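Undergrad: My file is input-v5.cif. It has mmCIF, C-alpha atoms:
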data_model
loop_
_atom_site.label_atom_id
_atom_site.label_comp_id
_atom_site.auth_asym_id
_atom_site.auth_seq_id
_atom_site.Cartn_x
_atom_site.Cartn_y
_atom_site.Cartn_z
CA MET Z 211 -64.43 85.56 -120.61
CA LEU Z 212 -62.71 88.90 -120.24
CA MET Z 213 -59.19 88.63 -121.66
CA VAL Z 214 -56.25 91.03 -121.65
CA LEU Z 215 -53.56 90.27 -124.22
CA SER Z 216 -50.06 91.74 -124.18
CA LEU Z 217 -48.97 91.45 -127.82
CA GLY Z 218 -45.23 91.94 -128.11
CA GLY Z 219 -44.02 94.45 -130.66
CA SER Z 220 -41.24 92.06 -131.69
CA ILE Z 221 -43.82 89.62 -133.08
CA LEU Z 222 -46.56 92.03 -134.17
CA ALA Z 223 -44.55 94.81 -135.78
CA LYS Z 224 -41.46 93.02 -136.99
CA ASN Z 225 -40.39 94.80 -140.20
CA LEU Z 226 -43.77 96.61 -140.17
CA ASP Z 227 -45.24 93.87 -142.36
CA SER Z 228 -48.83 94.85 -143.14
CA ASP Z 229 -49.79 91.23 -143.86
CA ARG Z 230 -48.66 90.30 -140.36
CA PHE Z 231 -50.90 92.95 -138.80
CA LEU Z 232 -53.80 91.63 -140.87
CA LYS Z 233 -53.16 88.03 -139.80
CA TYR Z 234 -53.19 88.99 -136.12
CA ALA Z 235 -56.28 91.12 -136.71
CA ASN Z 236 -58.13 88.15 -138.21
CA VAL Z 237 -57.26 85.99 -135.19
CA LEU Z 238 -58.20 88.70 -132.68
CA ARG Z 239 -61.47 89.28 -134.52
CA ASP Z 240 -62.36 85.60 -134.16
CA ILE Z 241 -61.40 85.53 -130.45
CA SER Z 242 -63.56 88.60 -129.81
CA LYS Z 243 -66.63 86.78 -131.11
CA LYS Z 244 -66.57 84.63 -127.97
CA HIS Z 245 -64.70 86.79 -125.46
CA THR Z 246 -64.31 90.41 -124.42
CA LEU Z 247 -60.81 91.32 -125.57
CA LEU Z 248 -58.37 94.12 -124.74
CA VAL Z 249 -54.97 94.19 -126.43
CA VAL Z 250 -51.86 96.06 -125.27
CA THR Z 251 -49.28 96.39 -128.07
CA GLY Z 252 -45.55 96.56 -127.54
CA GLY Z 253 -43.04 98.76 -129.31
CA GLY Z 254 -40.64 96.20 -130.77
CA GLU Z 255 -37.55 97.06 -132.78
CA ALA Z 256 -38.85 100.47 -133.83
CA ALA Z 257 -39.17 101.55 -130.19
CA ARG Z 258 -35.67 100.31 -129.42
CA ASN Z 259 -34.27 102.22 -132.41
CA TYR Z 260 -35.98 105.47 -131.46
CA ILE Z 261 -34.97 105.13 -127.82
CA GLY Z 262 -31.40 104.36 -128.85
CA ALA Z 263 -31.29 107.50 -130.96
CA ALA Z 264 -32.70 109.58 -128.10
CA ARG Z 265 -30.13 108.22 -125.65
CA ALA Z 266 -27.34 109.01 -128.11
CA MET Z 267 -28.55 112.63 -128.05
CA GLY Z 268 -28.41 112.69 -124.25
CA ALA Z 269 -32.13 112.29 -123.53
CA ASP Z 270 -33.06 111.26 -119.99
CA GLU Z 271 -34.78 107.93 -119.35
CA VAL Z 272 -38.23 109.41 -118.76
CA THR Z 273 -38.06 111.09 -122.18
CA CYS Z 274 -36.96 107.77 -123.67
CA ASP Z 275 -39.93 106.07 -121.99
CA TYR Z 276 -42.33 108.60 -123.49
CA ILE Z 277 -40.83 107.99 -126.93
CA GLY Z 278 -41.33 104.25 -126.44
CA ILE Z 279 -44.95 104.83 -125.39
CA GLU Z 280 -45.59 106.78 -128.59
CA ILE Z 281 -44.25 103.89 -130.68
CA THR Z 282 -46.47 101.37 -128.86
CA ARG Z 283 -49.44 103.60 -129.67
CA LEU Z 284 -48.43 103.77 -133.33
CA ASN Z 285 -48.45 99.97 -133.39
CA ALA Z 286 -51.85 100.06 -131.68
CA ARG Z 287 -53.09 102.45 -134.36
CA LEU Z 288 -51.90 100.08 -137.11
CA LEU Z 289 -53.64 97.14 -135.45
CA ILE Z 290 -56.84 99.17 -135.13
CA ALA Z 291 -56.61 99.91 -138.85
CA ALA Z 292 -56.18 96.21 -139.57
CA LEU Z 293 -59.21 95.34 -137.42
CA GLY Z 294 -61.35 97.98 -139.14
CA PRO Z 295 -64.90 98.27 -137.77
CA ASP Z 296 -64.28 95.46 -135.27
CA ALA Z 297 -61.92 97.69 -133.27
CA TYR Z 298 -62.75 100.44 -130.83
CA PRO Z 299 -61.62 103.49 -132.85
CA GLU Z 300 -59.72 105.35 -130.12
CA ILE Z 301 -56.60 104.35 -128.19
CA PRO Z 302 -57.17 104.48 -124.41
CA THR Z 303 -54.38 106.39 -122.70
CA ASN Z 304 -55.15 105.17 -119.18
CA TYR Z 305 -56.88 102.32 -117.39
CA LEU Z 306 -60.13 104.20 -116.77
CA GLU Z 307 -60.54 104.96 -120.47
CA ALA Z 308 -59.89 101.30 -121.24
CA SER Z 309 -62.54 100.18 -118.76
CA LYS Z 310 -65.10 102.41 -120.45
CA ALA Z 311 -64.08 101.31 -123.94
CA ILE Z 312 -64.88 97.64 -123.29
CA ASN Z 313 -68.57 98.54 -123.11
CA SER Z 314 -68.43 99.18 -126.86
CA GLY Z 315 -68.36 95.47 -127.64
CA LYS Z 316 -65.34 96.08 -129.89
CA VAL Z 317 -61.74 94.90 -129.60
CA VAL Z 318 -59.98 97.55 -127.49
CA VAL Z 319 -56.34 98.22 -128.46
CA MET Z 320 -53.93 100.40 -126.51
CA GLY Z 321 -50.21 100.91 -126.04
CA GLY Z 322 -48.13 102.09 -123.10
CA VAL Z 323 -49.48 104.27 -120.33
CA THR Z 324 -46.77 105.72 -118.12
CA PRO Z 325 -42.95 105.91 -117.96
CA GLY Z 326 -41.24 103.07 -116.16
CA GLN Z 327 -43.76 100.41 -117.17
CA THR Z 328 -43.37 97.83 -119.91
CA THR Z 329 -46.42 96.90 -121.95
CA ASP Z 330 -46.47 93.57 -120.07
CA ALA Z 331 -46.81 95.53 -116.84
CA VAL Z 332 -49.54 97.70 -118.37
CA ALA Z 333 -51.44 94.56 -119.43
CA ALA Z 334 -51.07 93.01 -115.96
CA ILE Z 335 -52.29 96.16 -114.21
CA LEU Z 336 -55.17 96.42 -116.67
CA ALA Z 337 -56.10 92.78 -116.04
CA GLU Z 338 -56.10 93.41 -112.29
CA TYR Z 339 -58.12 96.62 -112.61
CA LEU Z 340 -60.76 95.01 -114.82
CA ARG Z 341 -60.77 91.70 -112.91
CA ALA Z 342 -59.97 89.88 -116.13
CA ASP Z 343 -60.40 86.13 -116.36
CA LEU Z 344 -57.10 85.70 -118.18
CA LEU Z 345 -53.92 87.63 -118.93
CA THR Z 346 -51.93 86.37 -121.92
CA ILE Z 347 -48.39 87.51 -122.61
CA ALA Z 348 -47.78 86.74 -126.28
CA THR Z 349 -44.08 86.75 -127.04
CA SER Z 350 -41.37 84.96 -129.03
CA ILE Z 351 -40.50 82.55 -126.19
CA ASP Z 352 -42.47 79.34 -125.67
CA GLY Z 353 -42.99 79.78 -121.94
CA VAL Z 354 -41.23 80.27 -118.62
CA TYR Z 355 -37.94 78.46 -118.04
CA SER Z 356 -35.88 77.88 -114.90
CA SER Z 357 -33.32 80.27 -116.40
CA ASP Z 358 -32.85 82.12 -119.69
CA PRO Z 359 -32.67 79.35 -122.33
CA ASN Z 360 -30.71 81.67 -124.61
CA CYS Z 361 -27.92 81.75 -122.01
CA ASP Z 362 -28.35 78.39 -120.27
CA PRO Z 363 -28.75 75.25 -122.44
CA SER Z 364 -29.79 73.26 -119.35
CA ALA Z 365 -32.80 75.51 -118.65
CA VAL Z 366 -36.02 73.60 -117.94
CA LYS Z 367 -39.40 74.74 -119.27
CA TYR Z 368 -42.41 74.73 -116.94
CA ASP Z 369 -45.91 73.75 -118.07
CA ILE Z 370 -47.66 75.15 -114.98
CA ILE Z 371 -46.25 77.28 -112.15
CA SER Z 372 -47.59 79.34 -109.27
CA PRO Z 373 -47.30 83.14 -109.18
CA GLU Z 374 -44.84 82.80 -106.30
CA LYS Z 375 -42.64 80.49 -108.34
CA LEU Z 376 -42.81 82.96 -111.24
CA ILE Z 377 -41.50 85.75 -108.99
CA SER Z 378 -38.55 83.67 -107.82
CA ILE Z 379 -37.63 82.70 -111.39
CA VAL Z 380 -37.97 86.23 -112.77
CA MET Z 381 -35.88 87.79 -110.01
CA ALA Z 382 -33.14 85.16 -110.39
CA ILE Z 383 -32.98 85.68 -114.16
CA GLU Z 384 -33.01 89.47 -113.90
CA MET Z 385 -30.05 89.37 -111.52
CA LYS Z 386 -27.82 87.71 -114.12
CA ALA Z 387 -26.10 90.01 -116.61
CA GLY Z 388 -27.20 89.42 -120.18
CA SER Z 389 -30.19 87.27 -119.23
CA LYS Z 390 -33.75 88.20 -120.05
CA SER Z 391 -36.94 86.97 -118.43
CA PRO Z 392 -40.11 86.38 -120.53
CA VAL Z 393 -42.08 88.31 -117.89
CA ASP Z 394 -40.79 91.57 -116.46
CA PRO Z 395 -40.62 91.89 -112.63
CA VAL Z 396 -43.46 94.43 -112.33
CA ALA Z 397 -45.84 92.28 -114.36
CA ALA Z 398 -44.83 89.21 -112.35
CA LYS Z 399 -45.51 91.02 -109.09
CA ILE Z 400 -48.96 92.14 -110.28
CA ILE Z 401 -49.77 88.55 -111.28
CA GLU Z 402 -48.72 87.39 -107.82
CA ARG Z 403 -50.51 90.02 -105.76
CA CYS Z 404 -53.91 89.56 -107.37
CA LYS Z 405 -53.59 85.83 -108.17
CA LEU Z 406 -54.19 86.36 -111.89
CA ASP Z 407 -54.52 83.41 -114.20
CA ALA Z 408 -51.90 84.08 -116.86
CA LEU Z 409 -50.40 82.41 -119.90
CA VAL Z 410 -46.96 83.14 -121.32
CA MET Z 411 -46.83 81.74 -124.83
CA ASP Z 412 -44.99 81.76 -128.14
CA ALA Z 413 -47.36 83.64 -130.45
CA ARG Z 414 -45.12 84.17 -133.45
CA ASP Z 415 -47.70 82.10 -135.32
CA PRO Z 416 -50.98 84.06 -135.10
CA ALA Z 417 -52.99 80.89 -135.77
CA LEU Z 418 -51.63 79.31 -132.60
CA LEU Z 419 -52.85 82.27 -130.59
CA GLY Z 420 -56.32 81.71 -132.00
CA GLU Z 421 -56.16 77.97 -131.31
CA ILE Z 422 -55.37 78.47 -127.61
CA LEU Z 423 -57.64 81.46 -126.88
CA GLY Z 424 -60.36 81.15 -129.46
CA GLY Z 425 -62.60 78.51 -127.89
CA GLU Z 426 -65.40 78.99 -125.39
CA ALA Z 427 -62.72 78.79 -122.70
CA ALA Z 428 -58.96 79.10 -123.01
CA LYS Z 429 -57.10 75.78 -123.03
CA LYS Z 430 -55.75 75.74 -119.51
CA SER Z 431 -54.05 72.38 -119.74
CA PRO Z 432 -50.26 72.33 -120.30
CA VAL Z 433 -49.43 73.37 -123.85
CA SER Z 434 -46.16 72.99 -125.72
CA CYS Z 435 -46.20 76.63 -126.77
CA GLY Z 436 -46.47 78.16 -123.30
CA THR Z 437 -46.60 78.16 -119.51
CA TRP Z 438 -49.71 78.56 -117.38
CA ILE Z 439 -49.38 80.65 -114.23
CA THR Z 440 -52.11 80.01 -111.70
CA ALA Z 441 -52.67 80.08 -107.94
CA ARG Z 442 -55.38 77.45 -108.26
CA LYS Z 443 -54.60 73.98 -106.96
#
Take the structure in the file and write it out as structure tokens.

TA:
Amino acid sequence: MLMVLSLGGSILAKNLDSDRFLKYANVLRDISKKHTLLVVTGGGEAARNYIGAARAMGADEVTCDYIGIEITRLNARLLIAALGPDAYPEIPTNYLEASKAINSGKVVVMGGVTPGQTTDAVAAILAEYLRADLLTIATSIDGVYSSDPNCDPSAVKYDIISPEKLISIVMAIEMKAGSKSPVDPVAAKIIERCKLDALVMDARDPALLGEILGGEAAKKSPVSCGTWITARK
């Protein structure tokens, strides 16, 4: 299988713990033995801190986006270091470079690409461009809920939903002040338009990521740690 993984900076680079990078690297190394794997790293707290400082100095939003992209690429560089010889040594800066890098047989790791796109959106576009078998959004939330569970205690978690249902949920959550969706609207729209099979899962435990994705085929039955998004009946 060809897999694209969006690995959130909040779980990968929290406190810049080197042991955490190594644990994820070990899991990704094992997954890559059975699947072709591309990883898009997020920026996490470091990106938010840098962007906050830039805004305080009066920087425009495009400049802030570029700063965030640089931080995602620093996280990508750290993950490449953790993977060692199992990683493709360069960080693709666009989708064409990424498509060429997968021919290396190595784990390909990249960060952001262009202003205005989250790393989830980058991963979704990359999955569409490469016709990936699976897009996984690894985050700190255990799936897609009917509303933001941090704001609504009555929110219901879904095991499996359609891309169309994902769009309606994401747009409703994004419209409410203070709420945050586990999938950003651009990524959700890409998933819908190309009918991607996608998994949104809690990957704070690297071992769980390996358990779900590390077999001959990803476990596409409902899982407690995530939500499957599929157009298949």

Undergrad: Report the distance between atom CA of Z:Thr349 and atom CA of Z:Met320 in Å, rounded to one decimal place.

TA: 16.8 Å

Undergrad: Counting all atoms listed in the file, figure out which residue out of Z:Ser364, Z:Thr328, Z:Asn313, Z:Ser356 gets nearest to Z:Leu376.

TA: Z:Ser356

Undergrad: Out of Z:Ala342, Z:Cys435, Z:Ile422, Z:Met381, which residue has the shortest atom-to-atom distance to Z:Lys405 when counting only C-alpha atoms?

TA: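 Result for the nearest residue to Z:Lys405: Z:Ala342.
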
Undergrad: Measuring atom to atom with all atoms listed in the file, identify which of Z:Val317, Z:Leu284, Z:Ile221, Z:Ile261 is nearest to Z:Ser350.

TA: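 With all atoms listed in the file as the atom set, the closest residue is Z:Ile221.
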
Undergrad: Find, counting only C-alpha atoms, the residue in Z:Cys404, Z:Met211, Z:Ile379, Z:Ile290 that gets nearest to Z:Tyr339.

TA: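 Of Z:Cys404, Z:Met211, Z:Ile379, Z:Ile290, the one nearest Z:Tyr339 is Z:Cys404, counting only C-alpha atoms.
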
Undergrad: Residues proximal to (-49.0, 95.4, -114.9) were defined as those with any atom within 9 Å of that point in the file's coordinates, counting only C-alpha atoms. Which are they, as a list in words?

TA: Gln327, Thr328, Thr329, Asp330, Ala331, Val332, Ala333, Ala334, Ile335, Leu336, Ala337, Glu338, Val396, Ala397, Ala398, Lys399, Ile400 and Ile401 of chain Z

Undergrad: Suppose you want the space between atom CA of Z:Val380 and atom CA of Z:Ser357; what is it in Å?

TA: 8.4 Å

Undergrad: Supply stretch 369-393 of chain Z as a short mmCIF file (atom, residue, chain, number, x, y, z; two decimals), in the frame of the given file, with N, CA and C atoms built in where the input has gaps.

TA:
data_model
loop_
_atom_site.label_atom_id
_atom_site.label_comp_id
_atom_site.auth_asym_id
_atom_site.auth_seq_id
_atom_site.Cartn_x
_atom_site.Cartn_y
_atom_site.Cartn_z
N ASP Z 369 -44.57 73.75 -117.47
CA ASP Z 369 -45.91 73.75 -118.07
C ASP Z 369 -46.88 74.59 -117.23
N ILE Z 370 -46.82 74.41 -115.91
CA ILE Z 370 -47.66 75.15 -114.98
C ILE Z 370 -46.83 75.55 -113.78
N ILE Z 371 -46.94 76.82 -113.36
CA ILE Z 371 -46.25 77.28 -112.15
C ILE Z 371 -47.17 78.20 -111.36
N SER Z 372 -46.84 78.41 -110.11
CA SER Z 372 -47.59 79.34 -109.27
C SER Z 372 -47.04 80.75 -109.46
N PRO Z 373 -47.83 81.77 -109.10
CA PRO Z 373 -47.30 83.14 -109.18
C PRO Z 373 -46.06 83.34 -108.32
N GLU Z 374 -46.01 82.67 -107.18
CA GLU Z 374 -44.84 82.80 -106.30
C GLU Z 374 -43.60 82.23 -106.95
N LYS Z 375 -43.77 81.10 -107.64
CA LYS Z 375 -42.64 80.49 -108.34
C LYS Z 375 -42.18 81.40 -109.49
N LEU Z 376 -43.14 82.03 -110.16
CA LEU Z 376 -42.81 82.96 -111.24
C LEU Z 376 -41.92 84.09 -110.72
N ILE Z 377 -42.29 84.66 -109.58
CA ILE Z 377 -41.50 85.75 -108.99
C ILE Z 377 -40.07 85.31 -108.74
N SER Z 378 -39.90 84.13 -108.15
CA SER Z 378 -38.55 83.67 -107.82
C SER Z 378 -37.72 83.45 -109.09
N ILE Z 379 -38.35 82.93 -110.13
CA ILE Z 379 -37.63 82.70 -111.39
C ILE Z 379 -37.24 84.02 -112.04
N VAL Z 380 -38.21 84.93 -112.13
CA VAL Z 380 -37.97 86.23 -112.77
C VAL Z 380 -36.85 86.99 -112.07
N MET Z 381 -36.89 87.03 -110.75
CA MET Z 381 -35.88 87.79 -110.01
C MET Z 381 -34.50 87.17 -110.17
N ALA Z 382 -34.43 85.83 -110.21
CA ALA Z 382 -33.14 85.16 -110.39
C ALA Z 382 -32.57 85.44 -111.78
N ILE Z 383 -33.43 85.41 -112.80
CA ILE Z 383 -32.98 85.68 -114.16
C ILE Z 383 -32.52 87.12 -114.32
N GLU Z 384 -33.32 88.05 -113.76
CA GLU Z 384 -33.01 89.47 -113.90
C GLU Z 384 -31.69 89.85 -113.23
N MET Z 385 -31.28 89.07 -112.25
CA MET Z 385 -30.05 89.37 -111.52
C MET Z 385 -28.80 88.98 -112.32
N LYS Z 386 -28.97 88.18 -113.36
CA LYS Z 386 -27.82 87.71 -114.12
C LYS Z 386 -27.61 88.58 -115.35
N ALA Z 387 -26.42 89.12 -115.49
CA ALA Z 387 -26.10 90.01 -116.61
C ALA Z 387 -26.30 89.29 -117.93
N GLY Z 388 -26.99 89.97 -118.85
CA GLY Z 388 -27.20 89.42 -120.18
C GLY Z 388 -28.41 88.53 -120.31
N SER Z 389 -29.02 88.14 -119.19
CA SER Z 389 -30.19 87.27 -119.23
C SER Z 389 -31.46 88.10 -119.32
N LYS Z 390 -32.49 87.51 -119.89
CA LYS Z 390 -33.75 88.20 -120.05
C LYS Z 390 -34.90 87.28 -119.70
N SER Z 391 -35.78 87.76 -118.83
CA SER Z 391 -36.94 86.97 -118.43
C SER Z 391 -38.10 87.21 -119.39
N PRO Z 392 -38.95 86.19 -119.65
CA PRO Z 392 -40.11 86.38 -120.53
C PRO Z 392 -41.20 87.24 -119.91
N VAL Z 393 -41.13 87.44 -118.59
CA VAL Z 393 -42.08 88.31 -117.89
C VAL Z 393 -41.28 89.31 -117.06
#
